[in-house]
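Structure file input_16.txt with compact mmCIF, C-alpha atoms and all ligand atoms:
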# COMPACT_ATOMS: atom_id res chain seq x y z
CA MET W 2 -19.19 -133.81 182.16
CA LYS W 3 -19.82 -137.58 182.05
CA LEU W 4 -19.67 -138.96 185.59
CA PRO W 5 -18.19 -142.44 186.15
CA GLU W 6 -21.16 -144.70 186.83
CA GLY W 7 -21.16 -146.30 190.26
CA LEU W 8 -17.86 -144.55 191.10
CA ALA W 9 -16.11 -147.05 188.78
CA GLY W 10 -12.39 -146.35 188.76
CA VAL W 11 -12.72 -143.37 191.11
CA ILE W 12 -10.13 -143.34 193.91
CA VAL W 13 -12.12 -142.09 196.90
CA ASP W 14 -9.50 -142.55 199.65
CA GLN W 15 -6.22 -144.23 200.58
CA THR W 16 -5.83 -147.53 202.40
CA ARG W 17 -3.01 -149.72 203.71
CA ILE W 18 -5.20 -152.79 204.24
CA SER W 19 -5.48 -154.45 200.83
CA SER W 20 -5.03 -153.75 197.15
CA THR W 21 -6.24 -155.12 193.81
CA LYS W 22 -3.77 -153.05 191.78
CA ASN W 23 -2.95 -154.65 188.41
CA GLU W 24 -5.56 -157.27 189.30
CA ILE W 25 -3.23 -158.78 191.92
CA LEU W 26 -4.83 -159.10 195.35
CA THR W 27 -2.53 -158.28 198.26
CA TYR W 28 -3.16 -157.94 202.00
CA ALA W 29 -0.87 -155.33 203.57
CA GLY W 30 1.52 -155.92 200.67
CA TYR W 31 1.55 -159.74 200.75
CA PRO W 32 0.15 -161.51 197.66
CA ILE W 33 -2.88 -163.63 198.42
CA THR W 34 -1.27 -166.60 196.66
CA GLU W 35 1.30 -166.69 199.50
CA LEU W 36 -1.35 -166.29 202.21
CA LYS W 37 -3.99 -168.80 201.18
CA ASP W 38 -2.88 -171.50 203.63
CA VAL W 39 -1.96 -169.16 206.50
CA PRO W 40 -4.25 -169.54 209.55
CA TYR W 41 -7.22 -167.20 209.31
CA GLU W 42 -6.47 -165.56 212.66
CA GLU W 43 -2.97 -164.67 211.46
CA ILE W 44 -4.55 -162.96 208.43
CA VAL W 45 -6.93 -161.09 210.73
CA PHE W 46 -3.97 -159.91 212.81
CA LEU W 47 -2.23 -158.79 209.61
CA LEU W 48 -5.24 -156.84 208.35
CA TRP W 49 -5.67 -155.10 211.70
CA ASN W 50 -2.01 -154.41 212.46
CA LEU W 51 -0.48 -154.30 208.96
CA ARG W 52 2.31 -156.65 210.08
CA LEU W 53 2.61 -160.36 210.82
CA PRO W 54 2.26 -161.43 214.45
CA THR W 55 5.11 -163.00 216.41
CA GLU W 56 4.51 -166.61 217.45
CA SER W 57 3.49 -165.58 220.97
CA GLU W 58 1.24 -162.78 219.69
CA LEU W 59 -0.47 -165.29 217.41
CA VAL W 60 -1.00 -167.78 220.23
CA SER W 61 -2.55 -165.17 222.51
CA PHE W 62 -4.64 -163.65 219.68
CA ARG W 63 -6.01 -167.11 218.84
CA ARG W 64 -6.75 -167.79 222.51
CA GLU W 65 -8.53 -164.45 222.83
CA LEU W 66 -10.71 -165.06 219.76
CA VAL W 67 -11.66 -168.59 220.76
CA SER W 68 -12.48 -167.57 224.35
CA GLN W 69 -14.86 -164.89 223.02
CA MET W 70 -16.75 -167.24 220.68
CA LYS W 71 -19.99 -167.00 222.65
CA LEU W 72 -23.14 -164.89 222.59
CA PRO W 73 -25.13 -163.25 225.38
CA ALA W 74 -28.04 -165.55 226.36
CA GLU W 75 -30.52 -162.73 225.76
CA THR W 76 -29.23 -162.27 222.18
CA VAL W 77 -29.68 -165.99 221.47
CA ARG W 78 -33.25 -165.88 222.84
CA LEU W 79 -34.10 -162.95 220.60
CA MET W 80 -32.44 -164.60 217.60
CA GLU W 81 -34.58 -167.68 218.17
CA ARG W 82 -37.67 -165.49 218.26
CA ILE W 83 -36.78 -163.69 215.03
CA ALA W 84 -35.93 -166.98 213.31
CA ARG W 85 -39.33 -168.48 214.20
CA GLU W 86 -40.90 -166.68 211.23
CA PRO W 87 -39.42 -167.66 207.89
CA GLN W 88 -36.75 -165.01 207.38
CA HIS W 89 -33.76 -164.85 205.13
CA PRO W 90 -30.64 -165.67 207.22
CA MET W 91 -29.05 -162.38 206.13
CA SER W 92 -32.05 -160.54 207.59
CA ILE W 93 -31.61 -162.48 210.83
CA LEU W 94 -27.91 -161.63 210.81
CA ARG W 95 -28.58 -157.94 210.14
CA THR W 96 -30.90 -157.77 213.16
CA THR W 97 -28.54 -159.88 215.27
CA VAL W 98 -25.61 -157.54 214.64
CA SER W 99 -27.82 -154.64 215.58
CA LEU W 100 -28.95 -156.52 218.72
CA LEU W 101 -25.34 -157.21 219.69
CA GLY W 102 -24.92 -153.44 219.74
CA THR W 103 -27.58 -153.13 222.40
CA THR W 104 -26.26 -155.52 225.05
CA ASN W 105 -25.14 -154.05 228.38
CA ASP W 106 -21.44 -154.36 227.79
CA ASN W 107 -21.29 -153.71 224.03
CA GLU W 108 -19.64 -150.34 224.45
CA HIS W 109 -16.51 -152.10 225.68
CA ASP W 110 -16.41 -154.52 222.76
CA GLU W 111 -13.19 -154.34 220.80
CA PRO W 112 -12.56 -155.89 217.34
CA PRO W 113 -11.41 -159.36 218.55
CA ARG W 114 -14.52 -159.81 220.65
CA ILE W 115 -16.76 -158.44 217.89
CA LEU W 116 -15.28 -160.79 215.26
CA ALA W 117 -15.64 -163.77 217.61
CA LYS W 118 -19.28 -162.85 218.22
CA MET W 119 -19.97 -162.48 214.49
CA LEU W 120 -18.56 -165.95 213.72
CA THR W 121 -20.59 -167.40 216.58
CA ALA W 122 -23.75 -165.57 215.48
CA VAL W 123 -23.52 -166.89 211.92
CA ALA W 124 -23.00 -170.44 213.20
CA ALA W 125 -25.93 -169.98 215.61
CA ILE W 126 -28.24 -168.76 212.82
CA ILE W 127 -27.40 -171.86 210.78
CA ARG W 128 -28.22 -174.13 213.74
CA ILE W 129 -31.34 -172.29 214.88
CA ARG W 130 -32.79 -172.54 211.38
CA ASN W 131 -32.21 -176.30 211.42
CA ASP W 132 -33.80 -176.64 214.88
CA GLN W 133 -30.45 -177.77 216.25
CA PRO W 134 -29.11 -176.84 219.69
CA ILE W 135 -26.43 -174.14 219.85
CA LYS W 136 -22.93 -175.53 220.50
CA ARG W 137 -20.29 -174.11 222.82
CA SER W 138 -16.84 -173.37 221.45
CA LYS W 139 -13.97 -175.68 222.49
CA PRO W 140 -10.94 -174.00 224.05
CA ASP W 141 -8.56 -176.53 222.47
CA PHE W 142 -9.87 -176.05 218.90
CA GLY W 143 -8.54 -173.34 216.56
CA VAL W 144 -10.71 -170.50 215.25
CA VAL W 145 -11.74 -172.11 211.95
CA GLU W 146 -12.08 -175.52 213.59
CA ASN W 147 -14.39 -173.98 216.20
CA PHE W 148 -16.38 -172.11 213.57
CA ILE W 149 -17.08 -175.34 211.64
CA TYR W 150 -17.86 -177.14 214.90
CA LEU W 151 -20.29 -174.38 215.93
CA PHE W 152 -22.30 -174.56 212.69
CA SER W 153 -22.07 -178.30 211.96
CA GLY W 154 -21.99 -179.72 215.49
CA LYS W 155 -19.17 -182.08 214.48
CA ARG W 156 -15.42 -181.83 214.92
CA PRO W 157 -14.12 -181.19 211.39
CA THR W 158 -11.29 -183.16 209.81
CA ALA W 159 -7.94 -181.43 209.30
CA GLU W 160 -8.70 -181.38 205.56
CA GLN W 161 -12.04 -179.61 206.09
CA VAL W 162 -10.34 -177.03 208.33
CA LYS W 163 -7.68 -176.44 205.67
CA MET W 164 -10.26 -175.95 202.94
CA LEU W 165 -12.51 -173.60 204.88
CA ASN W 166 -9.47 -171.74 206.20
CA THR W 167 -8.49 -170.90 202.61
CA VAL W 168 -12.06 -169.85 201.80
CA MET W 169 -12.06 -167.56 204.85
CA VAL W 170 -8.65 -166.07 204.05
CA LEU W 171 -9.71 -165.33 200.46
CA HIS W 172 -12.90 -163.60 201.68
CA ALA W 173 -11.26 -161.68 204.54
CA ASP W 174 -10.91 -158.38 202.69
CA HIS W 175 -11.17 -156.80 199.26
CA GLU W 176 -10.28 -153.10 199.45
CA PHE W 177 -13.15 -150.70 198.64
CA ASN W 178 -15.89 -153.21 197.82
CA ALA W 179 -19.47 -151.99 198.34
CA SER W 180 -19.94 -153.34 201.89
CA ALA W 181 -16.54 -152.13 203.16
CA PHE W 182 -17.22 -148.73 201.63
CA THR W 183 -20.66 -148.67 203.27
CA ALA W 184 -19.04 -149.45 206.63
CA ARG W 185 -16.46 -146.72 206.02
CA VAL W 186 -19.13 -144.13 205.26
CA VAL W 187 -20.81 -144.89 208.59
CA ALA W 188 -17.45 -145.03 210.41
CA SER W 189 -16.58 -141.64 208.95
CA THR W 190 -19.26 -140.10 211.15
CA GLN W 191 -17.44 -141.68 214.17
CA SER W 192 -20.40 -144.03 214.69
CA ASP W 193 -19.93 -147.24 216.73
CA TYR W 194 -18.65 -150.62 215.48
CA TYR W 195 -22.01 -152.40 215.52
CA SER W 196 -23.73 -149.63 213.55
CA CYS W 197 -20.99 -149.81 210.91
CA LEU W 198 -21.19 -153.61 210.74
CA THR W 199 -24.98 -153.64 210.50
CA THR W 200 -24.83 -151.48 207.40
CA ALA W 201 -22.05 -153.62 205.92
CA VAL W 202 -24.27 -156.70 206.29
CA CYS W 203 -27.13 -154.83 204.56
CA SER W 204 -24.84 -153.99 201.66
CA LEU W 205 -23.39 -157.49 201.31
CA LYS W 206 -26.89 -159.04 201.15
CA GLY W 207 -27.61 -157.79 197.62
CA PRO W 208 -27.21 -160.24 194.71
CA LEU W 209 -24.78 -157.96 192.87
CA HIS W 210 -22.42 -158.32 195.87
CA GLY W 211 -22.27 -161.16 198.44
CA GLY W 212 -25.78 -162.39 197.68
CA ALA W 213 -24.50 -163.73 194.36
CA ASN W 214 -23.22 -166.99 195.89
CA GLU W 215 -26.77 -168.07 196.73
CA GLN W 216 -27.98 -167.15 193.25
CA VAL W 217 -25.21 -169.23 191.68
CA PHE W 218 -26.38 -172.32 193.52
CA LYS W 219 -30.02 -171.52 192.77
CA MET W 220 -29.11 -171.59 189.07
CA LEU W 221 -27.30 -174.94 189.42
CA GLU W 222 -30.21 -176.45 191.36
CA THR W 223 -32.76 -175.20 188.82
CA ILE W 224 -30.78 -176.71 185.96
CA LYS W 225 -30.38 -180.03 187.79
CA GLN W 226 -33.97 -180.28 189.00
CA THR W 227 -35.51 -179.42 185.63
CA GLY W 228 -33.08 -181.59 183.68
CA GLN W 229 -32.23 -178.73 181.33
CA ASP W 230 -29.06 -178.51 179.33
CA PRO W 231 -26.84 -176.05 181.30
CA LEU W 232 -25.58 -174.30 178.21
CA GLU W 233 -29.04 -173.86 176.71
CA TYR W 234 -30.21 -172.48 180.05
CA VAL W 235 -27.37 -169.96 180.23
CA GLU W 236 -27.82 -168.97 176.60
CA ARG W 237 -31.53 -168.31 177.16
CA GLN W 238 -30.75 -166.21 180.24
CA LEU W 239 -28.21 -164.14 178.32
CA GLU W 240 -30.55 -163.70 175.38
CA SER W 241 -33.24 -162.37 177.70
CA GLY W 242 -30.76 -159.86 179.15
CA GLN W 243 -30.26 -161.63 182.50
CA LYS W 244 -26.94 -161.55 184.34
CA ILE W 245 -25.34 -164.91 185.07
CA MET W 246 -24.53 -164.77 188.76
CA GLY W 247 -20.95 -165.40 189.81
CA PHE W 248 -19.52 -163.86 186.63
CA GLY W 249 -17.92 -160.48 186.02
CA HIS W 250 -16.25 -158.07 188.40
CA ARG W 251 -15.84 -154.34 188.78
CA VAL W 252 -12.04 -154.49 189.17
CA TYR W 253 -11.01 -157.84 187.69
CA LYS W 254 -11.39 -157.84 183.94
CA HIS W 255 -8.95 -160.74 183.37
CA GLY W 256 -10.22 -163.07 186.09
CA ASP W 257 -10.64 -162.98 189.86
CA PRO W 258 -7.46 -164.46 191.40
CA ARG W 259 -9.51 -165.89 194.27
CA ALA W 260 -11.72 -167.85 191.89
CA ALA W 261 -8.73 -169.77 190.51
CA ILE W 262 -7.83 -171.00 194.01
CA LEU W 263 -11.44 -171.69 194.97
CA ARG W 264 -11.98 -173.69 191.78
CA GLU W 265 -9.42 -176.26 192.94
CA ILE W 266 -11.05 -176.52 196.36
CA ALA W 267 -14.49 -176.90 194.74
CA ARG W 268 -13.13 -179.63 192.49
CA LYS W 269 -11.60 -181.56 195.41
CA ILE W 270 -14.46 -181.28 197.88
CA SER W 271 -17.17 -181.93 195.30
CA TYR W 272 -15.58 -185.23 194.26
CA GLU W 273 -14.95 -186.20 197.88
CA THR W 274 -18.59 -185.61 198.83
CA GLY W 275 -20.29 -187.00 195.72
CA ASN W 276 -21.31 -183.53 194.48
CA GLU W 277 -19.15 -183.57 191.37
CA ALA W 278 -22.22 -183.10 189.12
CA TYR W 279 -22.51 -179.51 190.39
CA PHE W 280 -18.82 -178.84 189.88
CA GLU W 281 -18.83 -180.31 186.37
CA MET W 282 -21.84 -178.13 185.52
CA GLU W 283 -19.89 -175.10 186.75
CA GLU W 284 -16.97 -176.08 184.52
CA GLN W 285 -19.22 -176.32 181.46
CA ILE W 286 -20.90 -172.97 182.22
CA ARG W 287 -17.52 -171.32 182.86
CA ASP W 288 -16.17 -172.33 179.43
CA PHE W 289 -19.40 -171.37 177.70
CA MET W 290 -19.53 -167.97 179.43
CA PHE W 291 -15.99 -167.20 178.37
CA GLU W 292 -16.78 -168.17 174.79
CA LYS W 293 -19.95 -166.05 174.73
CA THR W 294 -19.07 -163.03 176.87
CA HIS W 295 -15.38 -163.15 177.78
CA LEU W 296 -16.47 -162.84 181.42
CA HIS W 297 -14.65 -164.79 184.12
CA PRO W 298 -16.04 -166.33 187.32
CA ASN W 299 -15.68 -164.27 190.49
CA VAL W 300 -15.19 -165.21 194.16
CA ASP W 301 -18.87 -166.13 194.57
CA TYR W 302 -18.97 -168.71 191.76
CA TYR W 303 -17.12 -171.62 193.36
CA THR W 304 -17.98 -170.93 197.00
CA ALA W 305 -21.57 -171.89 196.15
CA VAL W 306 -20.52 -175.51 195.52
CA ILE W 307 -17.99 -175.50 198.37
CA TYR W 308 -20.59 -174.40 200.93
CA HIS W 309 -23.05 -176.97 199.59
CA CYS W 310 -20.38 -179.63 200.17
CA PHE W 311 -20.15 -178.43 203.79
CA ASN W 312 -23.87 -179.36 204.04
CA LEU W 313 -24.94 -175.74 204.31
CA ASP W 314 -28.34 -174.61 203.02
CA ARG W 315 -28.23 -172.32 200.02
CA ASP W 316 -29.80 -169.37 201.79
CA THR W 317 -27.08 -169.35 204.46
CA PHE W 318 -24.23 -168.92 201.93
CA THR W 319 -24.13 -165.13 202.18
CA THR W 320 -24.01 -165.25 205.97
CA MET W 321 -20.84 -167.35 205.53
CA PHE W 322 -19.40 -164.58 203.35
CA ALA W 323 -20.32 -162.07 206.09
CA ALA W 324 -18.60 -164.19 208.75
CA CYS W 325 -15.36 -164.28 206.74
CA ARG W 326 -15.54 -160.60 205.70
CA THR W 327 -16.10 -159.20 209.21
CA ALA W 328 -12.31 -159.13 209.64
CA GLY W 329 -11.96 -156.80 206.65
CA TRP W 330 -14.92 -154.66 207.64
CA LEU W 331 -13.41 -154.14 211.09
CA ALA W 332 -10.04 -153.24 209.55
CA HIS W 333 -11.72 -150.62 207.36
CA ILE W 334 -13.78 -149.22 210.23
CA MET W 335 -10.61 -148.83 212.34
CA GLU W 336 -8.63 -147.24 209.51
CA GLN W 337 -11.46 -144.86 208.66
CA ARG W 338 -11.97 -143.82 212.29
CA GLU W 339 -8.27 -143.30 212.87
CA GLU W 340 -7.20 -141.68 209.63
CA GLY W 341 -10.23 -140.59 207.64
CA CYS W 342 -12.55 -137.62 207.81
CA LEU W 343 -16.29 -137.37 207.23
CA ILE W 344 -17.27 -138.91 203.88
CA ARG W 345 -19.69 -136.50 202.31
CA PRO W 346 -19.29 -136.20 198.54
CA SER W 347 -21.15 -133.81 196.26
CA SER W 348 -23.71 -134.44 193.58
CA GLU W 349 -24.62 -132.79 190.34
CA TYR W 350 -28.21 -131.57 190.54
CA ILE W 351 -30.12 -132.38 187.34
CA GLY W 352 -33.70 -131.76 188.51
CA GLU W 353 -36.07 -128.84 187.88
CA THR W 354 -34.98 -125.29 188.70
CA ASN W 355 -36.60 -121.89 189.10
CA ARG W 356 -39.89 -123.17 190.44
CA HIS W 357 -42.09 -121.03 192.69
CA TYR W 358 -44.39 -122.63 195.20
CA HIS W 359 -47.18 -120.05 195.35
CA ALA W 360 -47.34 -119.57 191.59
CA ASP W 361 -47.53 -123.34 190.97
CA LYS W 362 -50.19 -123.83 193.67
CA GLU W 363 -52.37 -121.12 192.12
CA ALA W 364 -51.95 -122.65 188.65
CA HIS W 365 -53.26 -126.06 189.88
C1 LIG W 401 -18.54 -159.59 194.93
O1 LIG W 401 -16.33 -155.27 194.41
C2 LIG W 401 -15.88 -156.27 195.07
O2 LIG W 401 -14.73 -156.32 195.43
C3 LIG W 401 -16.90 -157.32 195.44
C4 LIG W 401 -16.36 -158.69 195.86
C5 LIG W 401 -15.71 -158.64 197.25
O3 LIG W 401 -14.83 -159.48 197.53
O4 LIG W 401 -16.12 -157.82 198.06
O5 LIG W 401 -15.41 -159.17 194.91
C6 LIG W 401 -17.51 -159.72 195.99
O6 LIG W 401 -19.48 -158.85 195.12
C7 LIG W 401 -18.38 -160.32 193.62
C8 LIG W 401 -19.42 -159.96 192.56
C9 LIG W 401 -20.69 -160.81 192.76
N1 LIG W 401 -21.75 -160.43 191.83
C10 LIG W 401 -22.17 -161.19 190.82
O7 LIG W 401 -21.66 -162.26 190.54
C11 LIG W 401 -23.34 -160.67 190.06
C12 LIG W 401 -23.16 -160.84 188.55
N2 LIG W 401 -22.15 -159.92 188.08
C13 LIG W 401 -22.49 -158.64 187.74
O8 LIG W 401 -23.75 -158.14 187.76
C14 LIG W 401 -21.39 -157.66 187.45
O9 LIG W 401 -20.40 -158.28 186.73
C15 LIG W 401 -20.81 -156.95 188.68
C16 LIG W 401 -21.91 -156.31 189.51
C17 LIG W 401 -20.04 -157.91 189.56
C18 LIG W 401 -19.84 -155.84 188.20
O10 LIG W 401 -20.58 -154.87 187.58
P1 LIG W 401 -19.98 -153.62 186.78
O11 LIG W 401 -18.57 -153.41 187.08
O12 LIG W 401 -20.91 -152.49 187.00
O13 LIG W 401 -20.06 -154.11 185.29
P2 LIG W 401 -21.31 -154.06 184.36
O14 LIG W 401 -22.52 -154.60 185.06
O15 LIG W 401 -21.46 -152.65 183.83
O16 LIG W 401 -20.91 -155.02 183.21
C19 LIG W 401 -20.17 -154.66 182.04
C20 LIG W 401 -20.71 -155.46 180.90
C21 LIG W 401 -22.20 -155.19 180.66
O17 LIG W 401 -22.44 -155.36 179.29
P3 LIG W 401 -22.57 -154.07 178.35
O18 LIG W 401 -23.70 -153.27 178.88
O19 LIG W 401 -21.24 -153.38 178.39
O20 LIG W 401 -22.89 -154.69 176.99
O21 LIG W 401 -20.63 -156.87 181.17
C22 LIG W 401 -21.94 -157.44 181.23
C23 LIG W 401 -22.87 -156.26 181.46
O22 LIG W 401 -24.16 -156.53 181.02
N3 LIG W 401 -21.97 -158.33 182.40
C24 LIG W 401 -22.63 -159.47 182.46
C25 LIG W 401 -22.34 -159.98 183.73
N4 LIG W 401 -21.54 -159.13 184.38
C26 LIG W 401 -21.31 -158.12 183.55
N5 LIG W 401 -23.38 -160.12 181.60
C27 LIG W 401 -23.92 -161.29 182.01
N6 LIG W 401 -23.68 -161.84 183.22
C28 LIG W 401 -22.90 -161.20 184.09
N7 LIG W 401 -22.67 -161.73 185.29
If you took the structure in this file and wrote it as structure tokens, what would it be?
Ligand code: SDX
Amino acid sequence: MKLPEGLAGVIVDQTRISSTKNEILTYAGYPITELKDVPYEEIVFLLWNLRLPTESELVSFRRELVSQMKLPAETVRLMERIAREPQHPMSILRTTVSLLGTTNDNEHDEPPRILAKMLTAVAAIIRIRNDQPIKRSKPDFGVVENFIYLFSGKRPTAEQVKMLNTVMVLHADHEFNASAFTARVVASTQSDYYSCLTTAVCSLKGPLHGGANEQVFKMLETIKQTGQDPLEYVERQLESGQKIMGFGHRVYKHGDPRAAILREIARKISYETGNEAYFEMEEQIRDFMFEKTHLHPNVDYYTAVIYHCFNLDRDTFTTMFAACRTAGWLAHIMEQREEGCLIRPSSEYIGETNRHYHADKEAH
């Protein structure tokens, strides 16, 4: 029997959180195209409760999230210590999430507080790495506004909030992607939230998953710095059997619907910030890739340029993905704990058989 490689196409469980059926992305039944400008916290509420909040529920949910956007002082001290050695920000985040699961009161942490801490931790990692002081959240700012303020140190414009809000909404969940599935496997043993989230961060870090956004920008920087022709560069990479990061997808074979929306944001923000050369390079590579391979860009392709336009360093891009995706991870952990059973599949053994220890030892 030929097994599907990497569980491709295998339905391993049921979910009510999100769907990519027929290559249309929906959250709890709502198409993403209708949700892209909805406040991020409303999307989080939807993913966790599978219904829209009332106005008063939304106000109190927002207030709760913003009031919890802070970290224990001891965690910040330890983060600063870890960050002293050159470490990849995703490694710092992985250890930070694990650390958050060791504070005195972590056992009482519920999803809103955990999400708020994750957003704050990602912003703190960005600032610590730039030797900048950690900022305190502002009670009168919204969630996305606070998040930008915490990593940039400046109050964002309404336009910046709108753009990052859409980025965050589009990254909030994506059914059984590798990191959500990893979190679900751990949740299926009834392990705690922080253990599940730590493993999700580990899974997202890889370049075939969330780590691709950094690799996309690395490619653009290399092309720019070396003055190479983008199309010749891509052609050489393809000829040598390399993957072009930010292209292809396990479930979207006709294009990632998120990429189409992100493309317009990348276009706008790159021209507004004088980074249009990167966007134009992406446009050229996109057309060339389609011509050569029929592959489409995925969610990671345009976020690379968008994050650069938010003045973020390339190696922090995947931590931004983690910040946005924590909402989805938490939704999956809750669903798995409430409705799922232990995930423990079977394997087909294809190794040696009928060996005998004593006989083989004597023969040596
Ligand atoms: C994310 O799953 C999710 O939902 C993830 C995500 C989310 O929101 O959680 O959407 C986020 O992880 C996006 C994906 C980011 N990764 C990359 O951009 C890395 C580059 N892309 C790939 O390596 C690849 O396309 C994957 C990993 C995304 C999908 O891999 P699959 O489904 O296993 O497909 P494949 O590697 O078997 O590719 C099929 C064919 C192969 O050619 P053949 O062997 O059939 O001749 O397409 C080729 C591949 O070589 N191919 C590529 C390519 N992607 C696929 N060729 C060149 N460049 C690429 N990027």
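Using only C-alpha atoms, the smallest distance between any of W:Ile83, W:Met70, W:Thr55, W:Asp110 and Arg137 of chain W comes from W:Met70.
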Once you count only C-alpha atoms and all ligand atoms, what closest atom pair and distance in Å to one decimal does each residue of chain W within 8 Å of ligand LIG 401 (chain W) have, with rows by chain and rising residue number, as CSV?
residue,atom,partner,partner_atom,distance
W:Glu6,CA,W:LIG401,O12,7.8
W:Gly7,CA,W:LIG401,O12,7.0
W:Ala9,CA,W:LIG401,O11,7.0
W:His172,CA,W:LIG401,O3,6.2
W:Asp174,CA,W:LIG401,O3,6.6
W:His175,CA,W:LIG401,O3,4.9
W:Glu176,CA,W:LIG401,O2,6.8
W:Phe177,CA,W:LIG401,O2,6.7
W:Asn178,CA,W:LIG401,O1,4.0
W:Ala179,CA,W:LIG401,O1,6.0
W:Ser180,CA,W:LIG401,O4,7.0
W:Ala181,CA,W:LIG401,O4,7.7
W:Leu205,CA,W:LIG401,O6,7.4
W:Pro208,CA,W:LIG401,C11,6.1
W:Leu209,CA,W:LIG401,N1,4.0
W:His210,CA,W:LIG401,O6,3.1
W:Gly211,CA,W:LIG401,O6,4.9
W:Gly212,CA,W:LIG401,C9,7.3
W:Ala213,CA,W:LIG401,C10,4.9
W:Asn214,CA,W:LIG401,O7,7.3
W:Val217,CA,W:LIG401,O7,7.9
W:Leu239,CA,W:LIG401,C27,6.3
W:Gly242,CA,W:LIG401,C27,7.6
W:Gln243,CA,W:LIG401,C27,6.4
W:Lys244,CA,W:LIG401,N6,3.5
W:Ile245,CA,W:LIG401,N6,4.0
W:Met246,CA,W:LIG401,C12,4.2
W:Gly247,CA,W:LIG401,O7,3.3
W:Phe248,CA,W:LIG401,N7,4.0
W:Gly249,CA,W:LIG401,O9,3.4
W:His250,CA,W:LIG401,C17,4.0
W:Arg251,CA,W:LIG401,O11,3.3
W:Val252,CA,W:LIG401,O1,6.8
W:Asp257,CA,W:LIG401,O5,7.9
W:Thr294,CA,W:LIG401,N5,7.0
W:Leu296,CA,W:LIG401,C25,6.9
W:Pro298,CA,W:LIG401,O7,7.6
W:Asn299,CA,W:LIG401,C7,5.7
W:Val300,CA,W:LIG401,C7,5.9
W:Asp301,CA,W:LIG401,C9,5.9
W:Tyr302,CA,W:LIG401,O7,7.1
Point to revise | Spatial neighbours of Tyr28 of chain W, 7 Å, all atoms listed in the file, chain gap at least 3 places, as a PyMOL selection string | key: chain W and resi 18-20+31-33+48
Would you kindly return, as a compact mmCIF listing (two decimals) with C-alpha atoms, in the frame of the given file, each protein, DNA or RNA residue with an atom no farther than 12 Å from any atom of Asn131 of chain W, considering only C-alpha atoms and excluding same-chain residues fewer than 6 positions away?
# COMPACT_ATOMS: atom_id res chain seq x y z
CA GLU W 81 -34.58 -167.68 218.17
CA ALA W 84 -35.93 -166.98 213.31
CA ARG W 85 -39.33 -168.48 214.20
CA PRO W 87 -39.42 -167.66 207.89
CA PRO W 90 -30.64 -165.67 207.22
CA ALA W 124 -23.00 -170.44 213.20
CA ALA W 125 -25.93 -169.98 215.61
CA PHE W 152 -22.30 -174.56 212.69
CA SER W 153 -22.07 -178.30 211.96
CA GLY W 154 -21.99 -179.72 215.49
CA ASN W 312 -23.87 -179.36 204.04
CA LEU W 313 -24.94 -175.74 204.31
CA ASP W 314 -28.34 -174.61 203.02
CA THR W 317 -27.08 -169.35 204.46
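Among the candidates W:Val123, W:Val235, W:Met80, W:Cys197, the one nearest to Met335 of chain W when counting all atoms listed in the file is W:Cys197.
You will find atom CA of Arg264 of chain W at 22.9 Å from atom CA of Lys206 of chain W.
Counting from atom CA of Glu111 of chain W, the distance to atom CA of Ala184 of chain W is 16.1 Å.
The interatomic distance for the pair atom CA of Thr327 of chain W and atom CA of Phe46 of chain W works out to 12.7 Å.
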